[in-house]
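Chemist: This is run-v1.txt (compact mmCIF, C-alpha atoms).
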# COMPACT_ATOMS: atom_id res chain seq x y z
CA LEU N 18 80.38 207.39 121.05
CA THR N 19 78.13 205.59 118.55
CA VAL N 20 79.91 207.25 115.62
CA THR N 21 83.31 206.36 117.13
CA LEU N 22 82.26 202.72 117.47
CA LEU N 23 81.05 202.69 113.86
CA ALA N 24 84.48 203.86 112.72
CA ALA N 25 86.24 200.88 114.31
CA GLU N 26 87.96 198.65 111.74
CA ASP N 27 87.18 195.36 113.48
CA ILE N 28 83.42 195.91 113.74
CA THR N 29 81.21 193.04 112.60
CA PRO N 30 78.36 193.59 110.11
CA GLU N 31 75.82 192.64 112.78
CA ARG N 32 77.29 195.15 115.25
CA ARG N 33 77.37 197.81 112.53
CA ARG N 34 73.66 197.30 111.83
CA GLU N 35 72.91 197.53 115.55
CA LEU N 36 74.86 200.77 115.88
CA MET N 37 73.18 202.22 112.79
CA ARG N 38 69.78 201.53 114.33
CA GLU N 39 70.87 203.28 117.51
CA LEU N 40 72.24 206.22 115.52
CA ARG N 41 68.95 206.59 113.63
CA ARG N 42 67.08 206.52 116.95
CA LEU N 43 69.32 209.23 118.41
CA LEU N 44 68.95 211.39 115.30
CA SER N 45 65.18 211.01 115.43
CA ARG N 46 65.17 212.14 119.07
CA MET N 47 67.37 215.10 118.19
CA ASP N 48 65.04 216.10 115.35
CA TRP N 49 62.08 215.93 117.72
CA LEU N 50 63.88 218.05 120.32
CA VAL N 51 64.87 220.73 117.80
CA GLU N 52 61.33 220.81 116.39
CA SER N 53 59.84 221.08 119.89
CA LEU N 54 62.21 223.90 120.87
CA LEU N 55 61.28 225.79 117.70
CA LYS N 56 57.59 225.39 118.53
CA MET N 57 58.20 226.67 122.06
CA SER N 58 60.13 229.67 120.71
CA LYS N 59 57.30 230.59 118.35
CA LEU N 60 54.72 230.19 121.09
CA ASP N 61 56.81 232.32 123.47
CA ALA N 62 57.22 235.03 120.85
CA GLY N 63 53.52 235.04 119.99
CA THR N 64 54.32 234.81 116.28
CA ILE N 65 51.96 231.94 115.44
CA PRO N 66 48.86 233.07 113.53
CA PHE N 67 46.24 230.76 115.04
CA GLN N 68 43.38 230.11 112.63
CA ARG N 69 40.33 229.41 114.79
CA MET N 70 37.52 227.39 113.25
CA PRO N 71 34.82 224.98 114.46
CA LEU N 72 36.03 221.41 115.01
CA SER N 73 34.27 218.47 116.60
CA ALA N 74 35.80 216.77 119.61
CA ALA N 75 35.52 213.44 117.77
CA GLU N 76 37.62 214.71 114.85
CA LEU N 77 40.16 216.30 117.18
CA VAL N 78 40.63 213.06 119.09
CA ARG N 79 40.81 211.02 115.88
CA ARG N 80 43.61 213.19 114.48
CA ALA N 81 45.53 213.41 117.75
CA ALA N 82 45.38 209.66 118.41
CA ALA N 83 46.29 208.48 114.90
CA PRO N 84 50.12 208.70 115.32
CA LEU N 85 49.89 206.75 118.59
CA ALA N 86 47.97 203.75 117.23
CA VAL N 87 51.06 201.63 116.51
CA PRO N 88 52.99 202.55 119.71
CA MET N 89 49.93 201.71 121.79
CA GLU N 90 49.52 198.38 120.03
CA VAL N 91 53.17 197.55 120.66
CA ARG N 92 52.71 198.38 124.34
CA GLY N 93 49.58 196.24 124.57
CA GLU N 94 47.36 199.26 125.24
CA HIS N 95 44.16 200.46 123.66
CA LEU N 96 42.23 203.70 123.38
CA GLU N 97 38.65 204.07 124.57
CA THR N 98 36.71 207.17 123.51
CA ASP N 99 33.42 208.66 124.56
CA VAL N 100 33.31 211.73 122.31
CA GLY N 101 30.88 212.85 119.66
CA GLY N 102 29.45 216.09 118.35
CA GLU N 103 30.87 218.36 121.05
CA MET N 104 32.34 221.38 119.28
CA LEU N 105 35.47 223.48 119.77
CA LEU N 106 36.64 226.77 118.33
CA CYS N 107 40.33 226.23 117.70
CA ASP N 108 43.25 226.05 115.34
CA PRO N 109 42.97 222.39 114.26
CA GLY N 110 46.68 221.75 113.65
CA TRP N 111 47.92 223.24 116.90
CA THR N 112 45.11 221.80 118.99
CA VAL N 113 45.86 218.34 117.59
CA GLU N 114 49.48 218.93 118.67
CA ALA N 115 48.38 219.83 122.20
CA LEU N 116 46.01 216.91 122.65
CA GLY N 117 48.50 214.53 121.03
CA ASN N 118 51.10 215.49 123.64
CA VAL N 119 48.63 214.81 126.45
CA LEU N 120 47.64 211.46 124.92
CA LYS N 121 51.29 210.49 124.54
CA ASN N 122 51.96 211.30 128.18
CA CYS N 123 49.05 209.13 129.30
CA MET N 124 50.09 206.34 126.94
CA GLU N 125 53.55 206.27 128.50
CA HIS N 126 52.10 205.83 131.98
CA ALA N 127 49.12 203.58 131.23
CA GLN N 128 49.01 199.89 132.06
CA SER N 129 46.46 198.86 129.45
CA VAL N 130 44.08 201.66 128.47
CA VAL N 131 43.79 205.39 127.82
CA ARG N 132 40.27 206.82 127.98
CA VAL N 133 39.13 210.06 126.36
CA GLY N 134 35.81 211.74 127.08
CA ALA N 135 34.22 215.06 126.19
CA ARG N 136 31.36 217.18 127.42
CA GLU N 137 29.98 220.47 126.20
CA THR N 138 28.70 223.30 128.40
CA ALA N 139 27.18 226.65 127.48
CA LEU N 140 30.64 228.25 127.40
CA TYR N 141 33.25 225.61 126.65
CA THR N 142 34.00 222.03 125.72
CA GLU N 143 35.92 219.90 128.21
CA ILE N 144 38.07 216.99 127.09
CA THR N 145 39.33 214.52 129.68
CA VAL N 146 42.21 212.12 129.02
CA ARG N 147 42.72 209.42 131.63
CA ASP N 148 45.21 206.55 131.95
CA ASP N 149 45.01 203.50 134.21
CA GLY N 150 48.53 203.88 135.51
CA PRO N 151 49.65 204.00 139.14
CA GLY N 152 49.11 207.74 139.48
CA MET N 153 51.65 210.47 140.16
CA ASP N 154 53.45 211.71 143.20
CA PRO N 155 51.43 214.72 144.46
CA ASP N 156 54.68 216.70 144.61
CA ASP N 157 55.10 216.34 140.84
CA ILE N 158 51.69 217.66 139.82
CA PRO N 159 52.37 221.41 140.37
CA HIS N 160 55.42 221.14 138.10
CA LEU N 161 54.12 218.95 135.27
CA PHE N 162 53.69 221.82 132.82
CA GLU N 163 57.07 223.36 133.51
CA ARG N 164 59.51 223.24 130.63
CA PHE N 165 61.98 220.33 130.86
CA TYR N 166 60.35 218.99 134.03
CA ARG N 167 60.01 215.22 134.17
CA ALA N 168 58.29 213.37 136.97
CA ASP N 169 60.28 210.52 138.55
CA GLY N 170 58.18 207.89 136.81
CA SER N 171 58.74 209.43 133.38
CA ARG N 172 62.51 209.66 133.51
CA THR N 173 62.85 206.15 132.14
CA GLN N 174 60.61 207.02 129.16
CA GLY N 175 63.31 209.04 127.40
CA GLY N 176 61.32 212.27 126.98
CA PHE N 177 62.63 215.80 127.32
CA GLY N 178 59.86 217.28 129.43
CA LEU N 179 58.53 219.55 126.66
CA GLY N 180 55.28 217.92 125.52
CA LEU N 181 53.03 219.08 128.35
CA SER N 182 54.61 222.53 128.38
CA ILE N 183 53.84 222.92 124.67
CA ALA N 184 50.30 221.63 125.24
CA GLN N 185 49.70 224.20 127.97
CA ALA N 186 51.06 227.06 125.84
CA ILE N 187 48.77 226.11 122.94
CA VAL N 188 45.70 225.76 125.17
CA ARG N 189 46.39 229.13 126.80
CA GLU N 190 46.66 230.76 123.37
CA HIS N 191 43.10 229.53 122.82
CA GLN N 192 41.98 231.13 126.12
CA GLY N 193 41.52 227.63 127.49
CA THR N 194 42.84 225.77 130.52
CA ILE N 195 44.59 222.48 131.19
CA ARG N 196 45.07 220.81 134.55
CA CYS N 197 46.07 217.45 135.98
CA GLU N 198 44.52 215.32 138.72
CA SER N 199 45.93 212.03 139.97
CA ASP N 200 45.21 209.33 142.49
CA ALA N 201 46.42 205.79 143.13
CA ARG N 202 44.43 204.39 140.19
CA SER N 203 44.88 206.90 137.37
CA THR N 204 46.03 210.28 136.13
CA ARG N 205 43.59 212.63 134.41
CA PHE N 206 44.23 215.65 132.25
CA ILE N 207 41.29 218.01 131.84
CA VAL N 208 41.43 220.41 128.89
CA THR N 209 38.81 223.13 128.40
CA LEU N 210 38.56 225.04 125.13
CA PRO N 211 36.12 227.65 123.83
CA LEU N 212 32.88 226.33 122.40
CA GLY N 213 32.71 226.35 118.61
CA GLY N 214 29.67 227.09 116.47
CA ARG N 215 27.80 224.13 115.12
CA LYS N 216 28.13 223.33 111.43
What does this structure look like when you write it as structure tokens?
Modeler:
Amino acid sequence: LTVTLLAAEDITPERRRELMRELRRLLSRMDWLVESLLKMSKLDAGTIPFQRMPLSAAELVRRAAAPLAVPMEVRGEHLETDVGGEMLLCDPGWTVEALGNVLKNCMEHAQSVVRVGARETALYTEITVRDDGPGMDPDDIPHLFERFYRADGSRTQGGFGLGLSIAQAIVREHQGTIRCESDARSTRFIVTLPLGGRK
């Protein structure tokens, strides 16, 4: 429809610019969808050679949050972190992808803040991502990590329901776990990953 409208002979320059912006937005979403589906296919096929190496929780959070800095500012939100030298044994690129998807989900449901914390045990490092949104319907929680599933509150966000599914697949490849808890004041994602050696 957008392309058809652009082809109209009586279109004004202002309307043309508006339609071009919309077309670029749609193409960007399509690129993201294709890229996400390719990632899911590779994860399903087990063809990704994960390169596990020690990485600090602080560095993981820094990399995962960087692309969200501007969107959060636009939304009037901020990120609070309580992470430090806790270590992980992971593929940095793919783990950044997983945590970035969780952060993005929380950003889209937060009212003003997303909080990230980490703690290290003898066996694993746990990273918690929490928003201050209204919480989720309990009926949605068992389905959050299903491919293409979108909770009622997220259907206005324009996502495809792939981000959390990709995050779960990546975490599982690392022999880790990811789960969600929610109440009337917030939603929390808890990610556990194998403990990495200290540098």
Chemist: Pick from N:Arg80, N:Ile187, N:Gly152, N:Glu163: nearest to N:Ser199, with only C-alpha atoms counted?
Modeler: N:Gly152
Chemist: Per residue of stretch 144-168 of chain N within 12 Å of stretch 109-129 of chain N, note the shortest atom pair and the distance in Å to one decimal, counting all atoms listed in the file, and order the rows by chain and increasing residue number, as JSON lines.
Modeler:
{"residue": "N:Ile144", "atom": "CA", "partner": "N:Leu116", "partner_atom": "CA", "distance": 9.1}
{"residue": "N:Thr145", "atom": "CA", "partner": "N:Val119", "partner_atom": "CA", "distance": 9.8}
{"residue": "N:Val146", "atom": "CA", "partner": "N:Leu120", "partner_atom": "CA", "distance": 6.8}
{"residue": "N:Arg147", "atom": "CA", "partner": "N:Cys123", "partner_atom": "CA", "distance": 6.8}
{"residue": "N:Asp148", "atom": "CA", "partner": "N:Ala127", "partner_atom": "CA", "distance": 5.0}
{"residue": "N:Asp149", "atom": "CA", "partner": "N:Ala127", "partner_atom": "CA", "distance": 5.1}
{"residue": "N:Gly150", "atom": "CA", "partner": "N:Ala127", "partner_atom": "CA", "distance": 4.3}
{"residue": "N:Pro151", "atom": "CA", "partner": "N:His126", "partner_atom": "CA", "distance": 7.8}
{"residue": "N:Gly152", "atom": "CA", "partner": "N:His126", "partner_atom": "CA", "distance": 8.3}
{"residue": "N:Met153", "atom": "CA", "partner": "N:His126", "partner_atom": "CA", "distance": 9.4}
{"residue": "N:Leu161", "atom": "CA", "partner": "N:Asn122", "partner_atom": "CA", "distance": 10.7}
{"residue": "N:Phe162", "atom": "CA", "partner": "N:Val119", "partner_atom": "CA", "distance": 10.7}
{"residue": "N:Arg167", "atom": "CA", "partner": "N:Asn122", "partner_atom": "CA", "distance": 10.8}
{"residue": "N:Ala168", "atom": "CA", "partner": "N:His126", "partner_atom": "CA", "distance": 11.0}
Chemist: Please, what distance in Å, to one decimal, runs between atom CA of N:Glu39 and atom CA of N:Thr21?
Modeler: 12.8 Å
Chemist: So, with all atoms listed in the file as the atoms that count, which of N:Arg196, N:Arg132, N:Arg205, N:Arg33 lies closest to N:Glu94?
Modeler: N:Arg132
Chemist: What is the atom CA of N:Thr194-atom CA of N:Ser182 distance in Å, reported with one decimal?
Modeler: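 Here the two named atoms are 12.4 Å from each other.
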Chemist: Suppose you want the space between atom CA of N:Ala186 and atom CA of N:Leu60; what is it in Å?
Modeler: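 Rounded to one decimal, the two atoms are 6.8 Å apart.
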Chemist: Using all atoms listed in the file, which of the listed residues (N:Val87, N:Leu179, N:Leu106, N:Leu36) sits closest to N:Ser58?
Modeler: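 Of all the options, N:Leu179 lies closest to N:Ser58.
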Chemist: Calculated over only C-alpha atoms, which of the candidates N:Glu137, N:Asp157, N:Glu190, N:Glu97 has the smallest distance to N:Gly63?
Modeler: N:Glu190
Chemist: Please return, as a list of chain:residue names, all polymer residues that have at least one atom within 7 Å of the point (38.9, 230.2, 128.3); use all atoms listed in the file and the file's own coordinate frame.
Modeler: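 Returned residue set, sorted by chain then number, is N:His191, N:Gln192, N:Gly193, N:Thr194, N:Leu210, N:Pro211.
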Chemist: Could you please take those selected residues and save C-alpha atoms as a PDB file, in the frame of the given file?
Modeler:
ATOM      1  CA  HIS N 191      43.100 229.530 122.820  1.00  0.00           C
ATOM      2  CA  GLN N 192      41.980 231.130 126.120  1.00  0.00           C
ATOM      3  CA  GLY N 193      41.520 227.630 127.490  1.00  0.00           C
ATOM      4  CA  THR N 194      42.840 225.770 130.520  1.00  0.00           C
ATOM      5  CA  LEU N 210      38.560 225.040 125.130  1.00  0.00           C
ATOM      6  CA  PRO N 211      36.120 227.650 123.830  1.00  0.00           C
TER       7      PRO N 211
END
Chemist: Write out as AutoDock Vina command-line options an axis-aligned box for stretch 123-134 of chain N: all of its atoms listed in the file, 6 Å added on each side, centre and edge lengths in Å with one decimal.
Modeler:
--center_x 44.7 --center_y 205.3 --center_z 129.2 --size_x 29.7 --size_y 24.9 --size_z 17.7
Chemist: N:Ala81, N:Ile65, N:Val130, N:Leu105: which is nearest N:Gly93, counting all atoms listed in the file?
Modeler: N:Val130
